[in-house]
file start_14.cif (mmCIF, C-alpha atoms)
data_entry
loop_
_atom_site.label_atom_id
_atom_site.label_comp_id
_atom_site.auth_asym_id
_atom_site.auth_seq_id
_atom_site.Cartn_x
_atom_site.Cartn_y
_atom_site.Cartn_z
CA MET A 27 12.96 -21.54 6.12
CA ILE A 28 9.68 -22.68 7.64
CA PRO A 29 7.91 -25.30 5.48
CA ALA A 30 4.45 -24.58 4.09
CA LYS A 31 1.66 -26.36 5.98
CA PHE A 32 -1.10 -25.52 3.53
CA LYS A 33 -1.64 -25.69 -0.22
CA THR A 34 -4.02 -24.23 -2.78
CA GLY A 35 -7.58 -25.32 -2.10
CA ASP A 36 -7.10 -26.01 1.62
CA ARG A 37 -9.75 -24.56 3.90
CA VAL A 38 -8.18 -22.46 6.63
CA LYS A 39 -9.37 -20.47 9.59
CA VAL A 40 -7.80 -17.18 10.62
CA SER A 41 -6.92 -17.16 14.33
CA LYS A 42 -9.13 -14.94 16.40
CA ALA A 43 -6.56 -13.62 18.80
CA TYR A 44 -2.82 -13.80 18.64
CA PRO A 45 -1.88 -17.46 18.08
CA VAL A 46 -1.53 -19.35 21.35
CA GLY A 47 2.02 -20.30 22.11
CA HIS A 48 3.58 -16.89 21.64
CA VAL A 49 5.98 -16.62 24.54
CA ARG A 50 5.97 -12.97 25.41
CA THR A 51 3.38 -10.22 25.04
CA PRO A 52 1.57 -10.12 21.70
CA PRO A 53 3.36 -8.03 19.08
CA GLU A 54 2.44 -4.38 18.58
CA HIS A 55 2.45 -4.59 14.81
CA VAL A 56 0.48 -7.26 13.00
CA ARG A 57 -0.67 -7.45 9.41
CA THR A 58 -3.74 -9.62 9.91
CA PRO A 59 -6.67 -7.20 9.75
CA TYR A 60 -9.15 -7.30 12.62
CA TYR A 61 -12.12 -7.86 10.27
CA ILE A 62 -10.82 -11.19 8.94
CA ARG A 63 -9.90 -12.82 12.24
CA GLY A 64 -12.01 -15.89 13.00
CA GLN A 65 -13.12 -16.17 9.36
CA VAL A 66 -12.80 -19.35 7.30
CA GLY A 67 -11.50 -19.21 3.75
CA GLU A 68 -9.63 -21.18 1.14
CA VAL A 69 -5.97 -20.93 0.18
CA GLU A 70 -5.74 -19.38 -3.28
CA ARG A 71 -1.94 -19.73 -3.48
CA LEU A 72 1.25 -19.77 -1.50
CA CYS A 73 2.89 -16.40 -2.25
CA GLY A 74 6.26 -17.52 -0.94
CA ASN A 75 8.22 -17.17 2.29
CA PHE A 76 8.82 -13.72 3.72
CA PRO A 77 10.37 -12.31 6.90
CA ASN A 78 7.84 -11.87 9.71
CA PRO A 79 6.67 -8.22 9.75
CA GLU A 80 5.80 -8.51 13.45
CA LYS A 81 9.48 -9.10 14.19
CA LEU A 82 10.78 -6.62 11.60
CA ALA A 83 8.75 -3.95 13.40
CA GLU A 84 10.69 -4.80 16.57
CA MET A 85 14.00 -4.29 14.76
CA LEU A 86 14.58 -8.04 14.53
CA SER A 87 15.43 -9.93 11.37
CA GLY A 88 12.04 -11.63 11.01
CA LEU A 89 13.83 -14.83 10.03
CA PRO A 90 13.31 -17.70 9.44
CA ALA A 91 10.99 -16.53 6.70
CA LEU A 92 7.36 -17.58 7.08
CA PRO A 93 5.00 -18.92 4.43
CA LEU A 94 2.58 -16.24 3.24
CA TYR A 95 -0.71 -17.21 1.60
CA ARG A 96 -3.41 -15.44 -0.39
CA VAL A 97 -6.60 -16.62 1.24
CA ARG A 98 -9.93 -16.27 -0.47
CA PHE A 99 -13.14 -15.58 1.43
CA ARG A 100 -16.76 -15.34 0.36
CA GLN A 101 -18.02 -11.83 1.08
CA ASN A 102 -21.43 -13.10 2.17
CA GLU A 103 -19.71 -15.20 4.85
CA VAL A 104 -17.44 -12.43 6.12
CA TRP A 105 -20.19 -9.79 6.42
CA PRO A 106 -23.62 -10.87 7.69
CA ASP A 107 -25.25 -7.89 5.98
CA TYR A 108 -23.34 -8.14 2.69
CA ARG A 109 -25.47 -6.73 -0.11
CA GLY A 110 -23.49 -7.56 -3.25
CA SER A 111 -23.56 -10.73 -5.29
CA ASP A 112 -23.33 -14.15 -3.62
CA SER A 113 -20.30 -14.92 -5.74
CA ASP A 114 -18.29 -11.88 -4.56
CA LEU A 115 -14.90 -12.66 -3.05
CA LEU A 116 -12.32 -11.06 -0.82
CA GLU A 117 -8.64 -12.06 -0.97
CA VAL A 118 -6.26 -11.25 1.85
CA GLU A 119 -2.58 -12.12 2.39
CA ILE A 120 -2.09 -13.94 5.67
CA PHE A 121 0.99 -15.42 7.29
CA GLN A 122 1.00 -19.09 8.20
CA HIS A 123 1.17 -18.58 11.96
CA TRP A 124 -2.23 -16.88 11.83
CA LEU A 125 -3.85 -19.84 10.06
CA GLU A 126 -5.17 -23.08 11.46
CA LYS A 127 -7.32 -25.97 10.25
CA PRO A 128 -11.00 -25.01 10.65
CA MET B 17 -1.69 -4.39 20.91
CA SER B 18 -2.88 -7.05 18.50
CA GLY B 19 -6.37 -5.68 19.15
CA ARG B 20 -7.58 -3.04 16.75
CA GLY B 21 -5.32 -0.07 16.22
CA PRO B 22 -6.52 3.23 14.70
CA HIS B 23 -5.19 2.09 11.33
CA ASP B 24 -7.05 -1.23 11.28
CA MET B 25 -10.20 0.13 9.72
CA GLY B 26 -11.30 -2.48 7.18
CA GLY B 27 -15.06 -3.00 7.45
CA LEU B 28 -15.80 -0.05 9.73
CA PRO B 29 -18.63 2.27 8.71
CA ALA B 30 -17.45 5.37 6.90
CA GLY B 31 -18.66 8.07 4.57
CA LYS B 32 -18.56 8.71 0.85
CA VAL B 33 -15.13 8.46 -0.75
CA GLU B 34 -13.96 11.96 -1.63
CA ARG B 35 -11.87 11.66 -4.71
CA THR B 36 -9.40 14.30 -3.63
CA GLU B 37 -6.06 14.33 -5.34
CA HIS B 38 -3.80 17.05 -4.09
CA ASP B 39 -0.53 17.66 -5.80
CA TYR B 40 1.96 16.68 -3.15
CA ALA B 41 3.91 19.55 -1.59
CA ASP B 42 7.69 19.53 -1.82
CA TRP B 43 8.07 18.75 1.85
CA GLU B 44 5.77 15.75 1.51
CA ARG B 45 7.76 14.43 -1.43
CA ARG B 46 10.92 14.84 0.63
CA VAL B 47 9.43 12.84 3.51
CA ASP B 48 8.58 10.08 1.05
CA ALA B 49 12.08 10.26 -0.41
CA LEU B 50 13.71 10.11 3.01
CA ALA B 51 11.74 7.00 3.93
CA VAL B 52 12.64 5.23 0.68
CA LEU B 53 16.31 6.08 1.17
CA LEU B 54 16.32 4.88 4.79
CA TRP B 55 14.68 1.60 3.75
CA GLY B 56 17.77 0.94 1.71
CA ILE B 57 16.01 -0.11 -1.48
CA LYS B 58 17.65 2.53 -3.64
CA GLY B 59 21.25 1.92 -2.69
CA ALA B 60 21.56 4.13 0.39
CA LYS B 61 22.42 2.40 3.66
CA LYS B 62 19.44 0.58 5.13
CA LEU B 63 18.66 2.09 8.50
CA MET B 64 15.09 1.02 9.14
CA THR B 65 12.25 -1.02 7.71
CA VAL B 66 8.85 -0.09 6.40
CA ASP B 67 7.49 -2.29 9.20
CA GLU B 68 8.91 0.10 11.81
CA LEU B 69 7.41 3.03 9.96
CA ARG B 70 4.03 1.31 10.07
CA LYS B 71 4.40 0.27 13.71
CA ASN B 72 5.09 3.83 14.82
CA ILE B 73 2.19 5.19 12.78
CA GLU B 74 -0.10 2.57 14.31
CA ALA B 75 1.12 3.56 17.78
CA LEU B 76 -0.21 7.11 17.40
CA PRO B 77 -3.15 7.88 19.65
CA PRO B 78 -6.40 7.52 17.66
CA ASP B 79 -7.21 11.22 17.67
CA ALA B 80 -3.71 12.10 16.48
CA TYR B 81 -3.96 9.46 13.72
CA GLU B 82 -7.20 11.06 12.53
CA LYS B 83 -6.07 14.67 12.73
CA MET B 84 -2.64 14.26 11.16
CA SER B 85 -2.28 14.16 7.41
CA TYR B 86 -0.66 11.20 5.69
CA TYR B 87 2.84 12.61 5.47
CA GLU B 88 2.59 14.23 8.90
CA ARG B 89 2.13 10.70 10.23
CA TRP B 90 5.08 9.54 8.16
CA VAL B 91 7.48 12.25 9.32
CA LYS B 92 6.49 11.71 12.95
CA SER B 93 6.98 7.99 12.56
CA LEU B 94 10.36 8.42 10.83
CA SER B 95 11.52 10.58 13.74
CA ASP B 96 10.27 8.08 16.32
CA THR B 97 11.90 5.21 14.45
CA LEU B 98 15.27 6.91 14.16
CA ILE B 99 15.15 7.83 17.84
CA GLN B 100 14.33 4.21 18.72
CA ARG B 101 17.23 3.11 16.56
CA GLY B 102 19.59 5.55 18.25
CA VAL B 103 20.39 7.32 14.97
CA ILE B 104 19.25 10.64 16.41
CA SER B 105 18.22 11.64 19.90
CA ALA B 106 14.96 13.27 20.90
CA GLU B 107 16.95 16.20 22.34
CA GLU B 108 18.86 16.75 19.11
CA LEU B 109 15.65 16.83 17.14
CA GLU B 110 13.99 19.23 19.54
CA ARG B 111 17.01 21.56 19.45
CA LYS B 112 17.19 21.45 15.69
CA MET B 113 13.49 22.17 15.30
CA ALA B 114 13.85 25.22 17.55
CA ASP B 115 16.82 26.41 15.48
CA VAL B 116 15.01 25.91 12.20
CA GLU B 117 12.00 27.77 13.48
CA LYS B 118 14.19 30.68 14.55
CA ARG B 119 15.86 30.74 11.15
CA ASP B 120 12.59 30.65 9.33
CA SER B 121 11.04 33.52 11.25
CA ARG B 122 13.93 35.89 10.57
CA MET C 16 14.90 24.12 -0.27
CA LYS C 17 12.22 26.48 0.98
CA ASP C 18 8.94 26.27 -0.87
CA GLN C 19 8.38 29.05 -3.41
CA GLY C 20 5.50 31.50 -3.16
CA ASN C 21 4.10 33.61 -0.39
CA TYR C 22 5.67 33.29 3.02
CA ARG C 23 3.80 31.17 5.54
CA PRO C 24 5.33 30.07 8.82
CA LEU C 25 6.37 26.44 8.69
CA SER C 26 4.04 23.99 10.36
CA TYR C 27 5.27 21.79 13.18
CA PHE C 28 5.67 18.82 10.86
CA GLN C 29 7.33 20.83 8.12
CA LEU C 30 9.83 21.93 10.77
CA MET C 31 10.26 18.27 11.67
CA GLU C 32 10.96 17.28 8.05
CA ILE C 33 13.59 19.97 7.62
CA SER C 34 15.17 19.19 10.99
CA LEU C 35 15.23 15.45 10.44
CA ARG C 36 16.79 15.85 7.02
CA GLU C 37 19.40 18.34 8.24
CA LEU C 38 20.39 16.07 11.12
CA LEU C 39 20.75 13.08 8.79
CA VAL C 40 22.85 15.12 6.37
CA GLU C 41 25.05 16.40 9.22
CA LYS C 42 25.58 12.82 10.35
CA GLY C 43 26.53 11.74 6.84
CA ILE C 44 23.60 9.37 6.53
CA VAL C 45 22.05 10.97 3.47
CA THR C 46 22.95 13.92 1.29
CA ASP C 47 20.66 16.65 -0.01
CA ALA C 48 21.53 15.48 -3.51
CA GLN C 49 20.31 11.97 -2.71
CA VAL C 50 17.02 13.31 -1.37
CA ASP C 51 16.52 15.50 -4.44
CA ALA C 52 17.37 12.59 -6.73
CA GLU C 53 14.90 10.35 -4.97
CA VAL C 54 12.14 12.98 -5.22
CA GLU C 55 12.80 13.19 -8.96
CA ASP C 56 12.90 9.43 -9.24
CA MET C 57 9.43 9.05 -7.71
CA ARG C 58 8.10 11.87 -9.90
CA ARG C 59 9.01 9.98 -13.06
CA ARG C 60 7.13 6.89 -11.94
CA GLY C 61 3.56 7.18 -13.10
CA PRO C 62 0.57 5.28 -14.46
CA GLU C 63 1.91 5.43 -18.02
CA ARG C 64 4.40 2.72 -17.00
CA GLY C 65 1.58 0.40 -15.95
CA ALA C 66 -0.29 1.32 -19.13
CA ARG C 67 2.59 -0.03 -21.22
CA VAL C 68 2.37 -3.35 -19.41
CA VAL C 69 -1.39 -3.54 -19.92
CA ALA C 70 -1.18 -2.62 -23.60
CA LYS C 71 1.42 -5.29 -24.22
CA ALA C 72 -0.70 -7.90 -22.46
CA TRP C 73 -3.63 -6.88 -24.65
CA THR C 74 -1.68 -7.46 -27.87
CA ASP C 75 0.55 -10.41 -26.94
CA PRO C 76 -1.20 -13.47 -25.42
CA ASP C 77 2.08 -15.14 -24.42
CA TYR C 78 3.22 -12.00 -22.62
CA LYS C 79 -0.11 -11.88 -20.86
CA LYS C 80 0.41 -15.46 -19.62
CA ARG C 81 3.82 -14.54 -18.28
CA LEU C 82 2.44 -11.37 -16.69
CA LEU C 83 -0.29 -13.26 -14.86
CA SER C 84 2.20 -15.86 -13.73
CA ASN C 85 4.86 -13.44 -12.42
CA GLY C 86 4.10 -9.75 -12.57
CA THR C 87 7.53 -8.60 -11.43
CA VAL C 88 9.51 -10.55 -14.01
CA ALA C 89 7.13 -9.55 -16.80
CA CYS C 90 7.52 -5.84 -15.99
CA GLU C 91 11.29 -6.18 -15.88
CA GLU C 92 11.09 -7.85 -19.29
CA LEU C 93 9.93 -4.49 -20.65
CA GLY C 94 12.90 -2.75 -19.09
CA LEU C 95 10.89 -1.21 -16.27
CA ASP C 96 12.88 -0.78 -13.06
CA ILE C 97 10.73 -1.74 -10.09
CA PRO C 98 13.01 -2.13 -7.07
CA ALA C 99 11.69 -4.51 -4.41
CA LEU C 100 8.24 -4.75 -6.07
CA LYS C 101 6.56 -8.15 -5.79
CA LEU C 102 3.74 -7.70 -8.27
CA VAL C 103 0.66 -9.86 -8.69
CA VAL C 104 -1.46 -9.04 -11.72
CA VAL C 105 -5.15 -9.92 -11.55
CA GLU C 106 -7.17 -10.13 -14.73
CA ASN C 107 -10.61 -8.70 -15.33
CA THR C 108 -12.81 -10.97 -17.43
CA PRO C 109 -16.45 -10.90 -18.49
CA GLU C 110 -17.13 -12.88 -15.28
CA VAL C 111 -14.81 -11.19 -12.77
CA HIS C 112 -14.04 -7.60 -11.83
CA ASN C 113 -11.03 -7.00 -9.57
CA ALA C 114 -10.29 -4.07 -7.28
CA ILE C 115 -7.41 -3.30 -4.96
CA VAL C 116 -7.25 -1.75 -1.50
CA CYS C 117 -4.87 -1.66 1.44
CA THR C 118 -7.06 -1.43 4.52
CA LEU C 119 -4.14 -1.24 6.95
CA CYS C 120 -2.17 1.58 5.34
CA SER C 121 -1.67 2.42 1.65
CA CYS C 122 0.26 -0.41 -0.01
CA TYR C 123 0.31 0.22 -3.73
CA PRO C 124 2.64 -0.77 -6.59
CA ARG C 125 4.49 2.56 -6.17
CA MET C 126 7.66 1.57 -7.94
CA LEU C 127 5.58 0.92 -11.05
CA LEU C 128 2.79 3.51 -10.87
CA GLY C 129 4.21 6.20 -8.56
CA ILE C 130 2.66 7.65 -5.42
CA PRO C 131 -1.02 6.66 -4.91
CA PRO C 132 -3.85 9.23 -4.92
CA ASP C 133 -5.20 10.70 -1.68
CA TRP C 134 -8.50 8.85 -1.87
CA TYR C 135 -6.76 5.46 -1.98
CA LYS C 136 -5.23 6.27 1.41
CA SER C 137 -8.42 7.73 2.85
CA ARG C 138 -10.37 6.30 5.76
CA ASN C 139 -13.53 6.00 3.69
CA TYR C 140 -11.97 3.98 0.87
CA ARG C 141 -9.94 1.75 3.15
CA SER C 142 -12.86 1.02 5.47
CA ARG C 143 -15.61 0.44 2.93
CA MET C 144 -13.90 -1.16 -0.05
CA VAL C 145 -13.65 -4.59 1.62
CA ARG C 146 -17.18 -4.45 2.98
CA GLU C 147 -19.29 -2.77 0.31
CA PRO C 148 -17.14 -2.65 -2.82
CA ARG C 149 -20.08 -2.31 -5.21
CA ALA C 150 -21.34 0.80 -3.39
CA VAL C 151 -17.85 2.33 -3.48
CA LEU C 152 -17.44 1.48 -7.16
CA ALA C 153 -20.82 3.06 -7.88
CA GLU C 154 -19.57 6.26 -6.22
CA PHE C 155 -16.72 6.15 -8.72
CA GLY C 156 -19.31 5.85 -11.47
CA LEU C 157 -18.77 2.16 -12.06
CA VAL C 158 -21.79 -0.10 -11.65
CA ILE C 159 -20.97 -3.80 -11.88
CA GLY C 160 -23.83 -6.14 -12.81
CA LYS C 161 -24.78 -8.76 -10.24
CA GLU C 162 -23.89 -11.54 -12.66
CA ILE C 163 -20.25 -10.40 -12.54
CA GLN C 164 -18.17 -11.39 -9.54
CA VAL C 165 -16.45 -8.56 -7.69
CA ARG C 166 -13.15 -9.66 -6.21
CA VAL C 167 -11.43 -7.31 -3.76
CA HIS C 168 -7.75 -7.74 -2.91
CA ASP C 169 -6.52 -6.38 0.42
CA SER C 170 -2.74 -5.90 0.17
CA THR C 171 -1.88 -6.80 3.72
CA ALA C 172 1.63 -8.14 3.27
CA ASP C 173 4.45 -8.25 0.74
CA MET C 174 2.62 -8.53 -2.56
CA ARG C 175 1.37 -5.56 -4.55
CA TYR C 176 -1.46 -5.74 -7.01
CA LEU C 177 -2.26 -4.45 -10.48
CA VAL C 178 -5.57 -4.95 -12.23
CA LEU C 179 -5.32 -5.99 -15.87
CA PRO C 180 -8.50 -4.41 -17.29
CA MET C 181 -10.33 -5.87 -20.28
CA ARG C 182 -9.36 -4.47 -23.65
CA PRO C 183 -12.03 -2.00 -24.80
CA ARG C 184 -14.11 -2.87 -27.86
CA GLY C 185 -13.44 -1.11 -31.13
CA THR C 186 -9.64 -1.19 -30.78
CA GLU C 187 -8.86 -3.90 -33.33
CA GLY C 188 -5.55 -3.32 -35.02
CA TRP C 189 -4.46 -0.57 -32.62
CA SER C 190 -0.77 -0.21 -31.83
CA GLU C 191 0.47 -0.77 -28.28
CA ASP C 192 1.15 2.95 -27.87
CA ARG C 193 -2.37 3.86 -28.92
CA LEU C 194 -3.84 1.23 -26.60
CA ALA C 195 -1.70 2.43 -23.69
CA GLY C 196 -3.35 5.83 -24.09
CA LEU C 197 -6.67 4.27 -23.03
CA VAL C 198 -5.33 2.74 -19.83
CA THR C 199 -5.96 4.95 -16.79
CA ARG C 200 -4.49 4.68 -13.30
CA ASP C 201 -7.97 4.10 -11.89
CA SER C 202 -8.58 1.16 -14.25
CA MET C 203 -5.41 -0.48 -12.89
CA ILE C 204 -6.66 -0.02 -9.32
CA GLY C 205 -10.05 -1.39 -10.37
CA VAL C 206 -12.28 1.61 -9.60
CA ALA C 207 -12.80 2.42 -13.28
CA LEU C 208 -12.74 0.88 -16.73
CA PRO C 209 -10.18 1.96 -19.30
CA ASP C 210 -11.20 4.77 -21.63
CA SER C 211 -13.13 3.69 -24.70
CA PRO C 212 -12.03 4.57 -28.24
CA GLY C 213 -14.72 7.20 -28.61
CA LYS C 214 -13.13 9.32 -25.88
CA THR C 215 -9.82 9.88 -27.61
CA ALA C 216 -9.48 11.69 -30.93
#

call {"tool": "encode", "arguments": {"input": "start_14.cif", "output": "structure tokens"}}
result
Amino acid sequence: MIPAKFKTGDRVKVSKAYPVGHVRTPPEHVRTPYYIRGQVGEVERLCGNFPNPEKLAEMLSGLPALPLYRVRFRQNEVWPDYRGSDSDLLEVEIFQHWLEKP
Amino acid sequence: MSGRGPHDMGGLPAGKVERTEHDYADWERRVDALAVLLWGIKGAKKLMTVDELRKNIEALPPDAYEKMSYYERWVKSLSDTLIQRGVISAEELERKMADVEKRDSR
Amino acid sequence: MKDQGNYRPLSYFQLMEISLRELLVEKGIVTDAQVDAEVEDMRRRGPERGARVVAKAWTDPDYKKRLLSNGTVACEELGLDIPALKLVVVENTPEVHNAIVCTLCSCYPRMLLGIPPDWYKSRNYRSRMVREPRAVLAEFGLVIGKEIQVRVHDSTADMRYLVLPMRPRGTEGWSEDRLAGLVTRDSMIGVALPDSPGKTA
């Protein structure tokens, strides 16, 4: 099992492109939405460790299981034209290998 | 393709949400049932993952993704997945579909 | 297993469903009985199961704590079978309104609430709910004041989400069953509030 690098309250940045260091071609199936890549948020909690969906989609085991976090973003930082309240939030589940220190 | 597939639509401009709620047709419920069984979460033998289902839906050309209904995408993806897994062959499926069509039109 | 009613030629994808199923039965992978049983199983999963959970949380503060801490275990406590469901329950308060979406596909707590409605899976909901939730909620008839925080949850991975709505006013002393009758599917997705006492007889 891969150890958790981040904890609740940590500021994290979502990688823009597929994390550098991936050996082969980037995976077809990823669960990090396009709209949140490059954004900076805060870890709300560690959800636990789960098999990597990118590998599961390739008929592999997805193990060792990766830490999965709920990351909280401010809406007015994610969308330049956001028209709600300044306090509005967006929470997205993101796997550890998509997160880096800002 | 870790760019932006046809499914990766969060934040894109779109129209008013139409609160349609159709009562699912029997064939749609059976597609759903087949997927759940093949995922192995209800005791049947696990033959695929939901991740493969998603991957094959995401691999549909954008215009196909748009035109197909939800369970049409699912049944196409289930077929593609089972072919990839070697559980069925593309030829078998094609033959069977031709047979079923013949039967149905009698 | 042909659909009842007037004859219409089967569509390409209906042919595919029949063919796929017949091939899998011929190969001994599934049986028709299993498919039928699974269809029935999904039919019996509906919002009333989530409503029971909400009503209990409204009447039992300790249960509510457990529910917010581990949604899956708390549902199982009530005898609800929810295979493979990893449930996170998010609580509406006077300061925070929660809403759920799956932008990438249609992730939904199906094993608790059943199959999600069409609109939840639609392009328009999935695209706009993360970007302009208040406008989408207004289309559903729900206007949230600017002093209340709107918190949108995009179910992108293994967790599934349920909104715990606020208990409506005027329900003091109500039984759990009666309270459950006010809890709608849409209030557990976060696009509506539960029914108020005036609505029901």

call {"tool": "resolve_selection", "arguments": {"input": "start_14.cif", "expression": "the PyMOL selection byres ((chain C) within 12 of (chain A))", "output": "count of residues only"}}
result
50

call {"tool": "interface_residues", "arguments": {"input": "start_14.cif", "of": "chain B", "to": "chain A", "cutoff": "7 Å", "atoms": "only C-alpha atoms", "output": "ChimeraX atom specification"}}
result
/B:17-18,20,24,26-27,65,67-68,71

call {"tool": "resolve_selection", "arguments": {"input": "start_14.cif", "expression": "the PyMOL selection byres ((chain A and resi 36) around 10)", "output": "mmCIF file with C-alpha atoms, keeping the file's coordinate frame"}}
result
data_model
loop_
_atom_site.group_PDB
_atom_site.id
_atom_site.type_symbol
_atom_site.label_atom_id
_atom_site.label_comp_id
_atom_site.auth_asym_id
_atom_site.auth_seq_id
_atom_site.Cartn_x
_atom_site.Cartn_y
_atom_site.Cartn_z
ATOM 1 C CA LYS A 31 1.660 -26.360 5.980
ATOM 2 C CA PHE A 32 -1.100 -25.520 3.530
ATOM 3 C CA LYS A 33 -1.640 -25.690 -0.220
ATOM 4 C CA THR A 34 -4.020 -24.230 -2.780
ATOM 5 C CA GLY A 35 -7.580 -25.320 -2.100
ATOM 6 C CA ARG A 37 -9.750 -24.560 3.900
ATOM 7 C CA VAL A 38 -8.180 -22.460 6.630
ATOM 8 C CA LYS A 39 -9.370 -20.470 9.590
ATOM 9 C CA GLY A 67 -11.500 -19.210 3.750
ATOM 10 C CA GLU A 68 -9.630 -21.180 1.140
ATOM 11 C CA VAL A 69 -5.970 -20.930 0.180
ATOM 12 C CA GLU A 70 -5.740 -19.380 -3.280
ATOM 13 C CA ARG A 71 -1.940 -19.730 -3.480
ATOM 14 C CA VAL A 97 -6.600 -16.620 1.240
ATOM 15 C CA LYS A 127 -7.320 -25.970 10.250
ATOM 16 C CA PRO A 128 -11.000 -25.010 10.650
#

call {"tool": "resolve_selection", "arguments": {"input": "start_14.cif", "expression": "the PyMOL selection byres ((chain C) within 9 of (chain B))", "output": "JSON, numbers by chain"}}
result
{"C": [16, 17, 18, 24, 25, 27, 28, 29, 30, 31, 32, 33, 34, 35, 36, 37, 38, 39, 42, 44, 45, 49, 50, 51, 52, 53, 54, 56, 57, 58, 98, 99, 117, 118, 119, 120, 132, 133, 134, 135, 136, 137, 138, 139, 140, 141, 142, 143, 144, 145, 146, 147, 151, 154, 155]}

call {"tool": "atom_distance", "arguments": {"input": "start_14.cif", "atom1": "CA of Gln122 (chain A)", "atom2": "CA of Pro93 (chain A)"}}
result
5.5 Å

call {"tool": "atom_distance", "arguments": {"input": "start_14.cif", "atom1": "CA of Ala70 (chain C)", "atom2": "CA of Asp192 (chain C)"}}
result
7.4 Å

call {"tool": "atom_distance", "arguments": {"input": "start_14.cif", "atom1": "CA of Gly129 (chain C)", "atom2": "CA of Leu72 (chain A)"}}
result
27.1 Å

call {"tool": "residues_around", "arguments": {"input": "start_14.cif", "residues": "Arg63 (chain A)", "least_positions_apart": "5", "cutoff": "7 Å", "atoms": "all atoms listed in the file", "output": "list in words"}}
result
Val40, Ser41 and Lys42 of chain A

call {"tool": "residues_near_point", "arguments": {"input": "start_14.cif", "point": "(-10.0, -12.3, -19.2)", "cutoff": "12 Å", "atoms": "all atoms listed in the file", "output": "number ranges by chain"}}
result
C: 72-73, 76, 79-80, 83, 104-113, 178-183

call {"tool": "axis_aligned_box", "arguments": {"input": "start_14.cif", "around": "region 90-102 of chain B", "padding_each_side": "6 Å", "output": "AutoDock Vina command-line options"}}
result
--center_x 12.3 --center_y 7.7 --center_z 13.4 --size_x 26.5 --size_y 21.1 --size_z 22.6

call {"tool": "build_atoms", "arguments": {"input": "start_14.cif", "residues": "region 154-164 of chain C", "atoms": "N, CA, C and O atoms", "output": "PDB file, in the coordinates of the input"}}
result
ATOM      1  N   GLU C 154     -19.946   4.862  -6.487  1.00  0.00           N
ATOM      2  CA  GLU C 154     -19.570   6.260  -6.220  1.00  0.00           C
ATOM      3  C   GLU C 154     -18.517   6.740  -7.212  1.00  0.00           C
ATOM      4  O   GLU C 154     -18.430   7.923  -7.526  1.00  0.00           O
ATOM      5  N   PHE C 155     -17.708   5.807  -7.700  1.00  0.00           N
ATOM      6  CA  PHE C 155     -16.720   6.150  -8.720  1.00  0.00           C
ATOM      7  C   PHE C 155     -17.344   6.155 -10.112  1.00  0.00           C
ATOM      8  O   PHE C 155     -16.657   6.365 -11.108  1.00  0.00           O
ATOM      9  N   GLY C 156     -18.637   5.856 -10.185  1.00  0.00           N
ATOM     10  CA  GLY C 156     -19.310   5.850 -11.470  1.00  0.00           C
ATOM     11  C   GLY C 156     -19.276   4.505 -12.165  1.00  0.00           C
ATOM     12  O   GLY C 156     -19.601   4.394 -13.346  1.00  0.00           O
ATOM     13  N   LEU C 157     -18.885   3.474 -11.448  1.00  0.00           N
ATOM     14  CA  LEU C 157     -18.770   2.160 -12.060  1.00  0.00           C
ATOM     15  C   LEU C 157     -19.765   1.212 -11.413  1.00  0.00           C
ATOM     16  O   LEU C 157     -19.645   0.857 -10.246  1.00  0.00           O
ATOM     17  N   VAL C 158     -20.783   0.823 -12.179  1.00  0.00           N
ATOM     18  CA  VAL C 158     -21.790  -0.100 -11.650  1.00  0.00           C
ATOM     19  C   VAL C 158     -21.528  -1.470 -12.268  1.00  0.00           C
ATOM     20  O   VAL C 158     -21.549  -1.623 -13.488  1.00  0.00           O
ATOM     21  N   ILE C 159     -21.279  -2.451 -11.410  1.00  0.00           N
ATOM     22  CA  ILE C 159     -20.970  -3.800 -11.880  1.00  0.00           C
ATOM     23  C   ILE C 159     -22.230  -4.645 -11.750  1.00  0.00           C
ATOM     24  O   ILE C 159     -22.833  -4.704 -10.667  1.00  0.00           O
ATOM     25  N   GLY C 160     -22.637  -5.300 -12.831  1.00  0.00           N
ATOM     26  CA  GLY C 160     -23.830  -6.140 -12.810  1.00  0.00           C
ATOM     27  C   GLY C 160     -23.696  -7.285 -11.830  1.00  0.00           C
ATOM     28  O   GLY C 160     -22.597  -7.787 -11.585  1.00  0.00           O
ATOM     29  N   LYS C 161     -24.802  -7.693 -11.258  1.00  0.00           N
ATOM     30  CA  LYS C 161     -24.780  -8.760 -10.240  1.00  0.00           C
ATOM     31  C   LYS C 161     -24.276 -10.092 -10.774  1.00  0.00           C
ATOM     32  O   LYS C 161     -23.821 -10.930  -9.998  1.00  0.00           O
ATOM     33  N   GLU C 162     -24.344 -10.267 -12.093  1.00  0.00           N
ATOM     34  CA  GLU C 162     -23.890 -11.540 -12.660  1.00  0.00           C
ATOM     35  C   GLU C 162     -22.362 -11.599 -12.748  1.00  0.00           C
ATOM     36  O   GLU C 162     -21.784 -12.650 -12.996  1.00  0.00           O
ATOM     37  N   ILE C 163     -21.714 -10.459 -12.528  1.00  0.00           N
ATOM     38  CA  ILE C 163     -20.250 -10.400 -12.540  1.00  0.00           C
ATOM     39  C   ILE C 163     -19.748 -10.453 -11.099  1.00  0.00           C
ATOM     40  O   ILE C 163     -20.286  -9.786 -10.216  1.00  0.00           O
ATOM     41  N   GLN C 164     -18.745 -11.261 -10.876  1.00  0.00           N
ATOM     42  CA  GLN C 164     -18.170 -11.390  -9.540  1.00  0.00           C
ATOM     43  C   GLN C 164     -17.223 -10.228  -9.261  1.00  0.00           C
ATOM     44  O   GLN C 164     -16.369  -9.907 -10.085  1.00  0.00           O
TER      45      GLN C 164
END
